[in-house]
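A.B. asks: Starting off with a structure, shown below.
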Amino acid sequence: MGGRGSGRRSSYSGKPETSDSMPLDIRKITRKGLLMPGNSFSWQWLVNDRQVAGISIRVELQTVVLSYRIKSTGEVVEQRVQTQTSPCHLGGRRHWFTCPRCSKRVAVLYAPGRYVACRQCGGLGYATQKEGAGDRASTKADKLRKRLGWEAGILNGDGDKPKGMHWKTYQRIKSQHDALVQVSFHDIGRKLGFLHKLLDE
Ligand SMILES: [Zn+2]
């Protein structure tokens, strides 16, 4: 991974999960000594030695300005991303991006489409972005509940095996359902924890 060519060109080789999701790792940028205010360079992603994507990066004080072309429209977008540092236990400082969406500090940002974001934010499309992971899980769980003939809404508890459904099928659907319920409850708990935190402040 990385390290191809001179400092001005870098690469990410390997199979991208989706052609539009390219990881930008601040550790690789700092390792190459590129994260210096005033510096401009380009960053490319190579798959089988072919460039599949590239962006231009301009480094400012505690900010990087990324510019890249949107594949579908050809439009060039410029996005400012804050950077921050934390002390390193071996001395020196470690650099981080601040995710433009959730403000969490992350080492890797992804370019999923129009805007770059951390893995958590970037993995989501616009429609699902407003819903949390728990909402998506309960929507999926409801689809399974429908197949089982259960009342919608995970809070309504479990029903019985529908007549005529094989036990194997029922058990498979039910275990998928239960896993989704776990995700949903976990997310609800996290959100409540978050609310408590807000109220405490
Ligand atoms: Zn984020």
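Each chain in the structure tokens gets a letter, A, B and so on, in the order shown; residues start at 1 in every chain, and ligands are counted from 1 in the order they appear.
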Env of range 147-153 of chain A: 10 Å cut, atoms = only C-alpha atoms, seq-sep filter 4 positions within chain, self excluded. Answer as a list in words.
C.D. replies: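 Answer for this query is Ser138, Thr139, Ala141, Asp142, Lys143, Gly157, Asp158, Gly159, Asp160, Lys161, Pro162, Lys163, Met165, Tyr170, Ile173, Lys174 and Val181 of chain A.
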A.B. asks: Please list as a PyMOL selection string every residue within 10 Å of Arg101 in chain A, counting only C-alpha atoms and excluding residues in the same chain fewer than 5 positions away.
C.D. replies: chain A and resi 81+115-118+120-122
A.B. asks: For Asp25 in chain A, list every protein, DNA or RNA residue within 7 Å, evaluated using only C-alpha atoms, and leave out those in the same chain fewer than 6 positions away; present the list as a PDB file with N, CA and C atoms, in the first residue's frame.
C.D. replies:
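Resulting contents of part_25.pdb:
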ATOM      1  N   ALA A 107      -8.161   9.264  11.312  1.00  0.00           N
ATOM      2  CA  ALA A 107      -6.932   9.200  10.520  1.00  0.00           C
ATOM      3  C   ALA A 107      -7.249   9.075   9.033  1.00  0.00           C
ATOM      4  N   VAL A 108      -8.420   8.528   8.744  1.00  0.00           N
ATOM      5  CA  VAL A 108      -8.753   8.254   7.343  1.00  0.00           C
ATOM      6  C   VAL A 108     -10.090   8.894   6.977  1.00  0.00           C
ATOM      7  N   LEU A 109     -10.083   9.613   5.875  1.00  0.00           N
ATOM      8  CA  LEU A 109     -11.332  10.142   5.328  1.00  0.00           C
ATOM      9  C   LEU A 109     -11.604   9.418   4.022  1.00  0.00           C
TER      10      LEU A 109
END
A.B. asks: If DSSP is run on the backbone, what residues of range 102-182 of chain A are strand (DSSP E or B)? A reply as a ChimeraX atom specification would be ideal.
C.D. replies: /A:105-106,108-111,117
A.B. asks: Can I get the selection written as a short mmCIF file (atom, residue, chain, number, x, y, z; two decimals), in the first residue's frame, with N, CA and C atoms?
C.D. replies:
data_model
loop_
_atom_site.label_atom_id
_atom_site.label_comp_id
_atom_site.auth_asym_id
_atom_site.auth_seq_id
_atom_site.Cartn_x
_atom_site.Cartn_y
_atom_site.Cartn_z
N ARG A 105 -12.33 13.09 15.35
CA ARG A 105 -10.99 13.06 14.78
C ARG A 105 -10.74 11.67 14.23
N VAL A 106 -10.27 11.65 13.00
CA VAL A 106 -10.06 10.37 12.32
C VAL A 106 -8.76 10.42 11.52
N VAL A 108 -8.42 8.53 8.74
CA VAL A 108 -8.75 8.25 7.34
C VAL A 108 -10.09 8.89 6.98
N LEU A 109 -10.08 9.61 5.88
CA LEU A 109 -11.33 10.14 5.33
C LEU A 109 -11.60 9.42 4.02
N TYR A 110 -12.85 9.35 3.65
CA TYR A 110 -13.23 8.69 2.40
C TYR A 110 -13.91 9.71 1.50
N ALA A 111 -13.71 9.53 0.22
CA ALA A 111 -14.37 10.39 -0.75
C ALA A 111 -15.50 9.58 -1.37
N ALA A 117 -15.69 12.35 4.04
CA ALA A 117 -16.14 12.17 5.42
C ALA A 117 -15.47 10.93 5.98
#
A.B. asks: Just want the 12 Å neighbourhood of Gln62 in chain A, counted on only C-alpha atoms, with same-chain residues fewer than 2 positions away dropped. Output as a ChimeraX atom specification.
C.D. replies: /A:35-38,58-60,64-65,80-85,95-98
A.B. asks: For the atom pair CA of Cys99 in chain A and CA of Ile57 in chain A, what is the interatomic distance in Å to one decimal place?
C.D. replies: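 These atoms are spaced 15.9 Å apart.
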A.B. asks: Using only C-alpha atoms and all ligand atoms, pick whichever of A:Lys168, A:Ile154, A:Ser103, A:Ala133 has the shortest atom-to-atom distance to ligand 1.
C.D. replies: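 Among A:Lys168, A:Ile154, A:Ser103, A:Ala133, it is A:Ser103 that comes nearest to ligand 1.
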A.B. asks: Could you tell me which of A:Gly164, A:Gly134, A:Pro23, A:Pro100 comes closest to ligand 1 if we count only C-alpha atoms and all ligand atoms?
C.D. replies: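 The shortest atom-to-atom distance to ligand 1 comes from A:Pro100.
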A.B. asks: Taking the DSSP assignment computed from this structure's backbone, write out as JSON, numbers by chain all residues of range 24-62 of chain A that belong to helix (DSSP H, G or I).
C.D. replies: {"A": [26, 27, 28, 29, 30, 31]}
